[in-house]
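One file, entry.pdb, carrying PDB, C-alpha atoms:
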ATOM      1  CA  MET A   1     -25.872 -35.530   2.037
ATOM      2  CA  SER A   2     -26.816 -35.871   5.656
ATOM      3  CA  ASP A   3     -30.515 -36.139   6.332
ATOM      4  CA  LYS A   4     -30.822 -36.752  10.043
ATOM      5  CA  LEU A   5     -33.876 -36.863  12.232
ATOM      6  CA  VAL A   6     -33.261 -34.422  15.088
ATOM      7  CA  ILE A   7     -35.325 -34.800  18.253
ATOM      8  CA  ALA A   8     -34.634 -32.602  21.277
ATOM      9  CA  GLY A   9     -31.201 -31.732  19.911
ATOM     10  CA  LYS A  10     -30.067 -35.314  19.279
ATOM     11  CA  SER A  11     -29.542 -36.666  15.735
ATOM     12  CA  TYR A  12     -30.700 -40.057  14.523
ATOM     13  CA  SER A  13     -29.894 -41.758  11.205
ATOM     14  CA  SER A  14     -33.000 -43.955  11.247
ATOM     15  CA  ARG A  15     -36.455 -42.471  10.837
ATOM     16  CA  LEU A  16     -38.131 -45.706  11.877
ATOM     17  CA  LEU A  17     -38.983 -46.035  15.576
ATOM     18  CA  VAL A  18     -40.210 -49.399  16.806
ATOM     19  CA  GLY A  19     -42.058 -50.833  19.764
ATOM     20  CA  THR A  20     -40.978 -53.940  21.620
ATOM     21  CA  GLY A  21     -44.338 -55.492  22.538
ATOM     22  CA  LYS A  22     -46.240 -58.521  21.225
ATOM     23  CA  TYR A  23     -43.202 -60.585  20.157
ATOM     24  CA  LYS A  24     -43.157 -64.307  20.952
ATOM     25  CA  ASP A  25     -39.899 -64.045  22.919
ATOM     26  CA  PHE A  26     -36.925 -61.787  23.564
ATOM     27  CA  ALA A  27     -34.890 -63.419  20.779
ATOM     28  CA  GLU A  28     -37.515 -62.417  18.229
ATOM     29  CA  THR A  29     -37.783 -58.921  19.732
ATOM     30  CA  LYS A  30     -34.052 -58.440  19.408
ATOM     31  CA  ALA A  31     -33.841 -59.822  15.857
ATOM     32  CA  ALA A  32     -36.741 -57.643  14.682
ATOM     33  CA  VAL A  33     -35.357 -54.490  16.302
ATOM     34  CA  GLU A  34     -31.974 -55.132  14.696
ATOM     35  CA  ALA A  35     -33.500 -55.786  11.264
ATOM     36  CA  SER A  36     -35.515 -52.557  11.522
ATOM     37  CA  GLY A  37     -32.381 -50.469  12.014
ATOM     38  CA  ALA A  38     -34.281 -48.419  14.603
ATOM     39  CA  GLU A  39     -32.279 -46.382  17.088
ATOM     40  CA  ILE A  40     -35.247 -45.293  19.205
ATOM     41  CA  ILE A  41     -37.322 -48.075  20.736
ATOM     42  CA  THR A  42     -40.337 -47.841  22.990
ATOM     43  CA  ILE A  43     -40.758 -49.783  26.210
ATOM     44  CA  ALA A  44     -43.584 -50.042  28.731
ATOM     45  CA  ILE A  45     -43.413 -49.689  32.510
ATOM     46  CA  ARG A  46     -45.273 -52.396  34.429
ATOM     47  CA  ARG A  47     -45.526 -53.879  37.900
ATOM     48  CA  SER A  48     -42.829 -56.469  38.472
ATOM     49  CA  ASN A  49     -43.894 -60.038  39.131
ATOM     50  CA  ILE A  50     -43.530 -60.544  42.856
ATOM     51  CA  GLY A  51     -42.417 -64.017  43.858
ATOM     52  CA  GLN A  52     -41.699 -65.222  40.346
ATOM     53  CA  ASN A  53     -38.273 -66.176  39.062
ATOM     54  CA  PRO A  54     -36.181 -63.062  39.684
ATOM     55  CA  ASN A  55     -33.383 -64.472  37.535
ATOM     56  CA  GLU A  56     -35.283 -64.472  34.261
ATOM     57  CA  PRO A  57     -33.662 -62.089  31.745
ATOM     58  CA  SER A  58     -35.034 -58.575  31.535
ATOM     59  CA  LEU A  59     -35.827 -56.569  28.427
ATOM     60  CA  LEU A  60     -33.099 -54.061  29.219
ATOM     61  CA  GLU A  61     -30.484 -56.813  29.150
ATOM     62  CA  ILE A  62     -31.609 -57.739  25.624
ATOM     63  CA  LEU A  63     -31.915 -54.116  24.443
ATOM     64  CA  PRO A  64     -29.466 -52.135  26.577
ATOM     65  CA  PRO A  65     -29.788 -48.366  27.058
ATOM     66  CA  SER A  66     -26.128 -48.076  26.002
ATOM     67  CA  LYS A  67     -27.091 -49.204  22.486
ATOM     68  CA  TYR A  68     -30.579 -47.781  21.987
ATOM     69  CA  THR A  69     -32.437 -44.611  22.886
ATOM     70  CA  LEU A  70     -35.184 -46.054  25.048
ATOM     71  CA  LEU A  71     -38.533 -44.335  24.913
ATOM     72  CA  PRO A  72     -40.653 -45.306  27.926
ATOM     73  CA  ASN A  73     -44.343 -44.989  27.155
ATOM     74  CA  THR A  74     -47.534 -44.525  29.145
ATOM     75  CA  ALA A  75     -49.537 -47.127  27.258
ATOM     76  CA  GLY A  76     -52.619 -48.152  29.182
ATOM     77  CA  CYS A  77     -52.947 -44.845  31.063
ATOM     78  CA  TYR A  78     -56.351 -43.153  30.939
ATOM     79  CA  THR A  79     -55.631 -40.125  33.115
ATOM     80  CA  ALA A  80     -52.955 -37.441  33.152
ATOM     81  CA  GLU A  81     -52.136 -38.426  36.736
ATOM     82  CA  ASP A  82     -51.402 -42.071  35.889
ATOM     83  CA  ALA A  83     -49.314 -41.063  32.884
ATOM     84  CA  VAL A  84     -47.225 -38.629  34.941
ATOM     85  CA  ARG A  85     -46.704 -41.213  37.709
ATOM     86  CA  THR A  86     -45.640 -43.829  35.162
ATOM     87  CA  LEU A  87     -43.057 -41.550  33.580
ATOM     88  CA  ARG A  88     -41.644 -40.443  36.931
ATOM     89  CA  LEU A  89     -41.081 -44.143  37.646
ATOM     90  CA  ALA A  90     -39.525 -44.550  34.187
ATOM     91  CA  ARG A  91     -37.119 -41.688  34.820
ATOM     92  CA  GLU A  92     -36.027 -43.301  38.083
ATOM     93  CA  LEU A  93     -35.761 -46.711  36.397
ATOM     94  CA  LEU A  94     -33.577 -45.330  33.597
ATOM     95  CA  ASP A  95     -31.231 -43.229  35.743
ATOM     96  CA  GLY A  96     -32.691 -39.800  35.040
ATOM     97  CA  HIS A  97     -33.553 -40.357  31.359
ATOM     98  CA  THR A  98     -35.994 -37.622  30.285
ATOM     99  CA  LEU A  99     -37.046 -38.460  26.693
ATOM    100  CA  VAL A 100     -40.480 -40.089  26.920
ATOM    101  CA  LYS A 101     -43.519 -41.038  24.894
ATOM    102  CA  LEU A 102     -46.703 -39.663  26.392
ATOM    103  CA  GLU A 103     -49.986 -41.266  25.479
ATOM    104  CA  VAL A 104     -53.205 -40.876  27.407
ATOM    105  CA  LEU A 105     -56.003 -43.006  26.051
ATOM    106  CA  GLY A 106     -59.681 -42.195  26.043
ATOM    107  CA  ASP A 107     -61.353 -45.508  25.505
ATOM    108  CA  PRO A 108     -60.172 -49.128  25.889
ATOM    109  CA  GLN A 109     -61.974 -50.299  22.776
ATOM    110  CA  SER A 110     -60.596 -47.817  20.241
ATOM    111  CA  LEU A 111     -57.486 -46.724  22.189
ATOM    112  CA  TYR A 112     -58.235 -43.285  20.761
ATOM    113  CA  PRO A 113     -56.218 -40.582  22.549
ATOM    114  CA  ASN A 114     -57.823 -38.312  25.140
ATOM    115  CA  VAL A 115     -56.277 -35.026  24.076
ATOM    116  CA  ILE A 116     -57.540 -33.050  27.096
ATOM    117  CA  GLU A 117     -55.767 -35.363  29.550
ATOM    118  CA  THR A 118     -52.794 -35.535  27.174
ATOM    119  CA  ILE A 119     -52.367 -31.744  27.198
ATOM    120  CA  ALA A 120     -52.648 -31.654  31.001
ATOM    121  CA  ALA A 121     -50.031 -34.387  31.399
ATOM    122  CA  ALA A 122     -47.698 -32.751  28.864
ATOM    123  CA  LYS A 123     -47.759 -29.472  30.817
ATOM    124  CA  THR A 124     -46.858 -31.205  34.083
ATOM    125  CA  LEU A 125     -44.123 -33.341  32.538
ATOM    126  CA  ILE A 126     -42.485 -30.460  30.691
ATOM    127  CA  ALA A 127     -42.494 -28.384  33.892
ATOM    128  CA  GLU A 128     -40.669 -31.296  35.553
ATOM    129  CA  GLY A 129     -37.977 -31.361  32.870
ATOM    130  CA  PHE A 130     -39.196 -34.203  30.669
ATOM    131  CA  GLN A 131     -38.720 -34.144  26.894
ATOM    132  CA  VAL A 132     -42.116 -35.226  25.676
ATOM    133  CA  MET A 133     -42.844 -36.981  22.394
ATOM    134  CA  VAL A 134     -46.606 -36.999  22.345
ATOM    135  CA  TYR A 135     -49.101 -39.430  20.836
ATOM    136  CA  THR A 136     -52.209 -37.573  19.739
ATOM    137  CA  SER A 137     -55.036 -37.437  17.226
ATOM    138  CA  ASP A 138     -54.414 -36.026  13.753
ATOM    139  CA  ASP A 139     -56.070 -32.732  14.711
ATOM    140  CA  PRO A 140     -53.707 -29.970  13.518
ATOM    141  CA  ILE A 141     -54.957 -27.455  16.099
ATOM    142  CA  VAL A 142     -54.291 -29.814  19.001
ATOM    143  CA  ALA A 143     -50.897 -30.650  17.492
ATOM    144  CA  LYS A 144     -49.973 -26.974  17.388
ATOM    145  CA  GLN A 145     -51.049 -26.555  21.019
ATOM    146  CA  LEU A 146     -48.892 -29.490  22.060
ATOM    147  CA  GLU A 147     -45.960 -27.932  20.231
ATOM    148  CA  ASP A 148     -46.589 -24.563  21.891
ATOM    149  CA  ILE A 149     -46.578 -26.242  25.319
ATOM    150  CA  GLY A 150     -43.090 -27.526  24.524
ATOM    151  CA  CYS A 151     -43.445 -31.104  23.246
ATOM    152  CA  VAL A 152     -40.344 -32.172  21.286
ATOM    153  CA  ALA A 153     -42.198 -34.319  18.732
ATOM    154  CA  ILE A 154     -45.840 -34.639  17.680
ATOM    155  CA  MET A 155     -46.945 -38.208  17.009
ATOM    156  CA  PRO A 156     -50.375 -38.346  15.374
ATOM    157  CA  LEU A 157     -52.214 -41.562  14.671
ATOM    158  CA  ALA A 158     -52.718 -42.525  11.023
ATOM    159  CA  SER A 159     -55.443 -44.961  12.090
ATOM    160  CA  LEU A 160     -56.210 -46.664  15.392
ATOM    161  CA  ILE A 161     -53.506 -48.384  17.469
ATOM    162  CA  GLY A 162     -52.992 -51.979  16.365
ATOM    163  CA  SER A 163     -55.540 -51.686  13.549
ATOM    164  CA  GLY A 164     -53.143 -51.883  10.609
ATOM    165  CA  MET A 165     -55.620 -49.775   8.626
ATOM    166  CA  GLY A 166     -52.920 -47.544   7.169
ATOM    167  CA  ILE A 167     -52.996 -43.802   6.461
ATOM    168  CA  LEU A 168     -56.723 -43.056   6.597
ATOM    169  CA  ASN A 169     -56.603 -39.282   6.418
ATOM    170  CA  PRO A 170     -53.559 -38.047   4.524
ATOM    171  CA  TRP A 171     -55.123 -34.580   4.224
ATOM    172  CA  ASN A 172     -55.214 -34.072   7.979
ATOM    173  CA  LEU A 173     -51.658 -35.306   8.316
ATOM    174  CA  GLN A 174     -50.591 -32.831   5.652
ATOM    175  CA  LEU A 175     -52.360 -29.961   7.436
ATOM    176  CA  LEU A 176     -50.694 -31.000  10.671
ATOM    177  CA  ILE A 177     -47.221 -31.259   9.107
ATOM    178  CA  GLU A 178     -47.606 -27.772   7.623
ATOM    179  CA  ARG A 179     -48.429 -26.221  11.001
ATOM    180  CA  VAL A 180     -45.889 -27.900  13.250
ATOM    181  CA  GLN A 181     -42.153 -27.135  13.361
ATOM    182  CA  VAL A 182     -40.977 -29.991  15.608
ATOM    183  CA  PRO A 183     -40.694 -33.486  14.090
ATOM    184  CA  VAL A 184     -43.979 -35.189  13.169
ATOM    185  CA  ILE A 185     -43.890 -38.950  13.588
ATOM    186  CA  VAL A 186     -46.818 -41.103  12.560
ATOM    187  CA  ASP A 187     -47.543 -43.330  15.523
ATOM    188  CA  ALA A 188     -50.166 -46.033  15.102
ATOM    189  CA  GLY A 189     -52.069 -47.455  12.182
ATOM    190  CA  VAL A 190     -49.332 -48.567   9.813
ATOM    191  CA  GLY A 191     -50.082 -52.079   8.568
ATOM    192  CA  THR A 192     -47.560 -52.780   5.851
ATOM    193  CA  ALA A 193     -44.559 -51.286   4.073
ATOM    194  CA  SER A 194     -46.514 -49.130   1.612
ATOM    195  CA  ASP A 195     -48.302 -47.414   4.529
ATOM    196  CA  ALA A 196     -44.950 -46.400   5.995
ATOM    197  CA  ALA A 197     -43.764 -45.149   2.617
ATOM    198  CA  ILE A 198     -46.949 -43.078   2.167
ATOM    199  CA  ALA A 199     -46.476 -41.478   5.585
ATOM    200  CA  MET A 200     -42.931 -40.501   4.697
ATOM    201  CA  GLU A 201     -43.929 -39.258   1.211
ATOM    202  CA  LEU A 202     -46.440 -36.940   2.879
ATOM    203  CA  GLY A 203     -43.526 -35.303   4.667
ATOM    204  CA  CYS A 204     -43.645 -36.972   8.060
ATOM    205  CA  ASP A 205     -40.271 -36.948   9.787
ATOM    206  CA  GLY A 206     -40.548 -40.527  10.963
ATOM    207  CA  VAL A 207     -42.823 -43.481  11.648
ATOM    208  CA  LEU A 208     -43.314 -45.390  14.892
ATOM    209  CA  MET A 209     -44.787 -48.874  14.746
ATOM    210  CA  ASN A 210     -45.071 -52.062  16.765
ATOM    211  CA  THR A 211     -47.912 -54.352  15.703
ATOM    212  CA  ALA A 212     -47.229 -54.049  11.964
ATOM    213  CA  ILE A 213     -43.910 -55.798  12.580
ATOM    214  CA  ALA A 214     -44.728 -58.011  15.576
ATOM    215  CA  ALA A 215     -47.995 -59.347  14.130
ATOM    216  CA  ALA A 216     -46.564 -60.098  10.676
ATOM    217  CA  GLN A 217     -46.215 -63.782   9.782
ATOM    218  CA  GLN A 218     -42.455 -63.224   9.733
ATOM    219  CA  PRO A 219     -41.689 -60.254  11.959
ATOM    220  CA  VAL A 220     -37.975 -60.045  11.200
ATOM    221  CA  LEU A 221     -38.610 -59.985   7.449
ATOM    222  CA  MET A 222     -41.270 -57.303   7.907
ATOM    223  CA  ALA A 223     -38.884 -55.245  10.048
ATOM    224  CA  GLY A 224     -36.457 -55.154   7.131
ATOM    225  CA  ALA A 225     -39.284 -54.227   4.756
ATOM    226  CA  MET A 226     -40.290 -51.319   7.001
ATOM    227  CA  LYS A 227     -36.726 -50.049   7.148
ATOM    228  CA  LYS A 228     -36.599 -49.903   3.349
ATOM    229  CA  ALA A 229     -40.085 -48.403   3.065
ATOM    230  CA  VAL A 230     -39.257 -45.554   5.439
ATOM    231  CA  GLU A 231     -36.009 -44.861   3.602
ATOM    232  CA  ALA A 232     -37.710 -45.037   0.187
ATOM    233  CA  GLY A 233     -40.577 -42.812   1.290
ATOM    234  CA  ARG A 234     -38.181 -40.254   2.717
ATOM    235  CA  GLU A 235     -36.098 -40.168  -0.457
ATOM    236  CA  ALA A 236     -39.220 -39.813  -2.599
ATOM    237  CA  TYR A 237     -40.376 -36.912  -0.414
ATOM    238  CA  ARG A 238     -37.008 -35.179  -0.717
ATOM    239  CA  ALA A 239     -36.847 -35.852  -4.459
ATOM    240  CA  GLY A 240     -40.248 -34.227  -4.961
ATOM    241  CA  ARG A 241     -42.772 -36.232  -6.907
ATOM    242  CA  MET A 242     -44.032 -35.358 -10.383
ATOM    243  CA  PRO A 243     -47.434 -33.678 -10.512
ATOM    244  CA  LYS A 244     -50.448 -35.944 -10.984
ATOM    245  CA  LYS A 245     -52.445 -35.498 -14.192
ATOM    246  CA  LEU A 246     -55.373 -37.435 -15.547
ATOM    247  CA  TYR A 247     -53.507 -38.071 -18.811
ATOM    248  CA  SER A 248     -50.390 -36.793 -20.501
ATOM    249  CA  ALA A 249     -49.747 -35.699 -24.068
ATOM    250  CA  SER A 250     -46.056 -36.065 -23.325
ATOM    251  CA  PRO A 251     -44.809 -39.650 -23.871
ATOM    252  CA  SER A 252     -41.503 -40.726 -22.376
ATOM    253  CA  SER A 253     -39.953 -41.673 -25.721
ATOM    254  CA  PRO A 254     -39.094 -39.137 -28.439
ATOM    255  CA  THR A 255     -41.951 -38.197 -30.758
ATOM    256  CA  ALA A 256     -39.547 -37.551 -33.662
ATOM    257  CA  GLY A 257     -38.014 -40.207 -35.891
ATOM    258  CA  ILE A 258     -40.794 -42.767 -35.639
ATOM    259  CA  ILE A 259     -40.572 -45.099 -38.654
ATOM    260  CA  GLY A 260     -43.185 -44.681 -41.347
ATOM    261  CA  SER A 261     -43.957 -41.138 -40.357
ATOM    262  CA  PRO A 262     -43.656 -38.310 -42.930
ATOM    263  CA  ARG A 263     -40.214 -36.630 -43.042
ATOM    264  CA  SER A 264     -40.248 -33.274 -41.418
TER     265      SER A 264
ATOM    266  CA  MET B 265     -41.387 -57.314  67.215
ATOM    267  CA  LYS B 266     -44.561 -55.973  65.686
ATOM    268  CA  VAL B 267     -45.781 -57.116  62.279
ATOM    269  CA  ILE B 268     -46.870 -54.500  59.728
ATOM    270  CA  THR B 269     -48.944 -54.947  56.582
ATOM    271  CA  VAL B 270     -48.039 -53.142  53.389
ATOM    272  CA  SER B 271     -49.455 -53.385  49.894
ATOM    273  CA  ILE B 272     -46.982 -54.362  47.165
ATOM    274  CA  ASN B 273     -48.298 -53.988  43.604
ATOM    275  CA  GLY B 274     -51.813 -54.213  44.968
ATOM    276  CA  ALA B 275     -51.308 -57.348  47.079
ATOM    277  CA  PRO B 276     -51.041 -57.270  50.896
ATOM    278  CA  ARG B 277     -47.835 -58.537  52.483
ATOM    279  CA  GLN B 278     -46.831 -58.848  56.135
ATOM    280  CA  LEU B 279     -43.396 -57.652  57.144
ATOM    281  CA  PRO B 280     -41.480 -57.426  60.417
ATOM    282  CA  ASP B 281     -41.627 -53.879  61.763
ATOM    283  CA  SER B 282     -38.847 -51.415  60.971
ATOM    284  CA  ILE B 283     -37.733 -53.081  57.759
ATOM    285  CA  SER B 284     -36.095 -50.678  55.278
ATOM    286  CA  VAL B 285     -36.964 -50.385  51.609
ATOM    287  CA  ALA B 286     -33.552 -51.890  50.842
ATOM    288  CA  ALA B 287     -34.302 -54.919  53.034
ATOM    289  CA  LEU B 288     -37.633 -55.405  51.282
ATOM    290  CA  ILE B 289     -35.977 -55.219  47.848
ATOM    291  CA  GLU B 290     -33.558 -57.880  49.012
ATOM    292  CA  GLU B 291     -36.365 -60.074  50.333
ATOM    293  CA  LEU B 292     -38.255 -59.781  47.037
ATOM    294  CA  GLY B 293     -35.148 -60.900  45.127
ATOM    295  CA  PHE B 294     -34.695 -57.606  43.279
ATOM    296  CA  SER B 295     -31.200 -56.774  44.531
ATOM    297  CA  GLY B 296     -29.095 -55.573  41.614
ATOM    298  CA  LYS B 297     -32.132 -55.575  39.296
ATOM    299  CA  ARG B 298     -33.278 -52.520  37.409
ATOM    300  CA  ILE B 299     -36.480 -51.544  39.204
ATOM    301  CA  ALA B 300     -38.163 -48.348  40.332
ATOM    302  CA  LEU B 301     -40.234 -47.984  43.460
ATOM    303  CA  GLU B 302     -43.089 -45.712  44.425
ATOM    304  CA  ARG B 303     -44.256 -45.402  48.027
ATOM    305  CA  ASN B 304     -47.688 -43.879  48.654
ATOM    306  CA  GLY B 305     -47.550 -42.195  45.264
ATOM    307  CA  GLU B 306     -44.044 -40.749  45.659
ATOM    308  CA  ILE B 307     -40.879 -42.022  43.986
ATOM    309  CA  VAL B 308     -38.287 -43.395  46.382
ATOM    310  CA  PRO B 309     -34.873 -42.775  44.754
ATOM    311  CA  ARG B 310     -32.460 -45.711  44.867
ATOM    312  CA  SER B 311     -30.134 -43.604  46.993
ATOM    313  CA  LYS B 312     -32.768 -43.570  49.752
ATOM    314  CA  PHE B 313     -33.628 -47.287  49.796
ATOM    315  CA  ALA B 314     -31.381 -47.930  52.782
ATOM    316  CA  THR B 315     -32.672 -45.079  54.920
ATOM    317  CA  GLN B 316     -36.438 -45.227  54.309
ATOM    318  CA  GLN B 317     -38.283 -47.389  56.835
ATOM    319  CA  LEU B 318     -41.635 -48.862  55.861
ATOM    320  CA  SER B 319     -44.760 -48.135  57.876
ATOM    321  CA  ASP B 320     -47.991 -50.036  58.413
ATOM    322  CA  GLY B 321     -50.409 -49.349  55.555
ATOM    323  CA  ASP B 322     -47.776 -48.240  53.027
ATOM    324  CA  ARG B 323     -48.759 -48.712  49.409
ATOM    325  CA  LEU B 324     -45.781 -49.710  47.263
ATOM    326  CA  GLU B 325     -45.464 -50.064  43.515
ATOM    327  CA  VAL B 326     -42.417 -51.866  42.146
ATOM    328  CA  VAL B 327     -42.010 -51.588  38.386
ATOM    329  CA  VAL B 328     -39.733 -52.868  35.627
ATOM    330  CA  ALA B 329     -39.349 -52.217  31.893
ATOM    331  CA  VAL B 330     -41.248 -54.611  29.631
ATOM    332  CA  GLY B 331     -41.896 -54.808  25.912
ATOM    333  CA  GLY B 332     -44.402 -52.286  24.655
ATOM    334  CA  GLY B 333     -45.339 -49.959  21.813
TER     335      GLY B 333
END
I need this file expressed as structure tokens, please.
Amino acid sequence: MSDKLVIAGKSYSSRLLVGTGKYKDFAETKAAVEASGAEIITIAIRRSNIGQNPNEPSLLEILPPSKYTLLPNTAGCYTAEDAVRTLRLARELLDGHTLVKLEVLGDPQSLYPNVIETIAAAKTLIAEGFQVMVYTSDDPIVAKQLEDIGCVAIMPLASLIGSGMGILNPWNLQLLIERVQVPVIVDAGVGTASDAAIAMELGCDGVLMNTAIAAAQQPVLMAGAMKKAVEAGREAYRAGRMPKKLYSASPSSPTAGIIGSPRS
Amino acid sequence: MKVITVSINGAPRQLPDSISVAALIEELGFSGKRIALERNGEIVPRSKFATQQLSDGDRLEVVVAVGGG
């Protein structure tokens, strides 16, 4: 049975989205992305190095737009204006590509999102024809507003960016998932495979991560683990888990025919 | 020939007057590279690199794609 992730009308087989930062070199980036099975990968837009070797390979040669859906981000932006400027540059850089990841941060220490600036930027970008996947807090009311504005995916944090603290508030994520129709993708906070599985078991449509893979002792091995965790979590969600009970008077093995028991 | 000063990625640079964006890209070694350019806060499309002439005091941002989350 087909179980595709559909974002802005396009179908994806993988529900794991990965970032491309913090790797030791391009070879490791490429190997980790391949092991993750991700089809959507995030990139950042930065000033080019003026006067340095212009012949060094570029990220887009290692991870070509013909093979991956590139998701330019606005990491490091603290105002709606900077985020919008960055994504206009990204659209020009990627030949008119409109699918983007919007994030507007509120504070350099926590990297917590500034939802007021985020909403302002989302409105401008959508009016300019961008398809906006939006990083936000796990506030279900804000998420609904971002959906109403026209964002194509809501990407709440599970804990702070780069923290690896896992899914700290599953209840909020569940509230958010119930209220939003577009895909919900946990973005930020996943630390290890079980965190990704928990996010998917809650009913998230996907998980986006970078540091959990790049900062592992063996990033390529962890990328493979995350691929399996996302798939396992998704299947468990679709299968529907058994209800939790404190104890059960219903053992798994038959209660009849136990030796030494009176004949019935 | 009059020399003009522009800012490229925040650093000042002197250029001969009347240079085009395309000529600057060439001088910076970015010909054929995937870059995007903003001039005084506005995107300059690649199709206009050859026809846009730089002026004294222009603020340019030249960006590339890099790894990121």
Enumerate, in order of chain and increasing residue number, the residues of chain A with an atom no farther than 6 Å from chain B, each with its shortest atom pair and distance in Å to one decimal, counting only C-alpha atoms, as JSON lines.
{"residue": "A:Gly19", "atom": "CA", "partner": "B:Gly333", "partner_atom": "CA", "distance": 4.0}
{"residue": "A:Thr20", "atom": "CA", "partner": "B:Gly331", "partner_atom": "CA", "distance": 4.5}
{"residue": "A:Gly21", "atom": "CA", "partner": "B:Gly332", "partner_atom": "CA", "distance": 3.8}
{"residue": "A:Thr42", "atom": "CA", "partner": "B:Gly333", "partner_atom": "CA", "distance": 5.6}
{"residue": "A:Ile43", "atom": "CA", "partner": "B:Gly332", "partner_atom": "CA", "distance": 4.7}
{"residue": "A:Ala44", "atom": "CA", "partner": "B:Gly332", "partner_atom": "CA", "distance": 4.7}
{"residue": "A:Ile45", "atom": "CA", "partner": "B:Ala329", "partner_atom": "CA", "distance": 4.8}
{"residue": "A:Arg46", "atom": "CA", "partner": "B:Val327", "partner_atom": "CA", "distance": 5.2}
{"residue": "A:Arg47", "atom": "CA", "partner": "B:Val327", "partner_atom": "CA", "distance": 4.2}
{"residue": "A:Ser48", "atom": "CA", "partner": "B:Val327", "partner_atom": "CA", "distance": 4.9}
{"residue": "A:Pro54", "atom": "CA", "partner": "B:Gly293", "partner_atom": "CA", "distance": 5.9}
{"residue": "A:Leu59", "atom": "CA", "partner": "B:Val330", "partner_atom": "CA", "distance": 5.9}
{"residue": "A:Leu89", "atom": "CA", "partner": "B:Ala300", "partner_atom": "CA", "distance": 5.8}
{"residue": "A:Glu92", "atom": "CA", "partner": "B:Ala300", "partner_atom": "CA", "distance": 5.9}
{"residue": "A:Leu93", "atom": "CA", "partner": "B:Ala300", "partner_atom": "CA", "distance": 4.9}
{"residue": "A:Asn210", "atom": "CA", "partner": "B:Gly333", "partner_atom": "CA", "distance": 5.5}
Could you work out an axis-aligned bounding box for all listed atoms of segment 266-285 of chain B, with 6 Å added on each of the six sides, and give its centre and edge lengths in Å to one decimal, as lines of an AutoDock Vina configuration file?
center_x = -44.0
center_y = -54.6
center_z = 54.6
size_x = 27.7
size_y = 20.5
size_z = 34.1
Next item on the list: Please write the residues picked by the PyMOL selection byres ((chain A and resi 2-18) around 10) on this file as a ChimeraX atom specification.
Entry: /A:1,19-21,32-33,36-43,69,71,99,131-133,151-153,182-183,185-187,196,200,204-214,223,226-231,234-235,238 /B:332-333
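The smallest atom-to-atom distance between Asp107 of chain A and any of A:Gly51, A:Gly76, A:Gly129, A:Gly166, using all atoms listed in the file, is found for A:Gly76.
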Item checked: For Leu157 of chain A: contacts at 7 Å, all atoms listed in the file, fewer than 2 positions along chain excluded, given as a PyMOL selection string -> chain A and resi 136-138+155+159-160+186-189
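Distance-wise, atom CA of Leu288 of chain B and atom CA of Asn73 of chain A end up 27.1 Å apart.
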Margin query: If the PyMOL selection byres ((chain B and resi 278) around 6) were run on this exact file, what residues would it hold? Put them as a PyMOL selection string.
Written below: chain B and resi 268-269+277+279
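Of note, atom CA of Gly164 of chain A and atom CA of Val190 of chain A are spaced 5.1 Å apart.
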Check: Quick one, how far is atom CA of Ala193 of chain A from atom CA of Val115 of chain A?
Finding: 28.3 Å
Check: Selected by the PyMOL selection byres ((chain B and resi 313) around 9) in the shown coordinates: which residues, as a PyMOL selection string?
Finding: chain B and resi 284-287+289+308-312+314-317
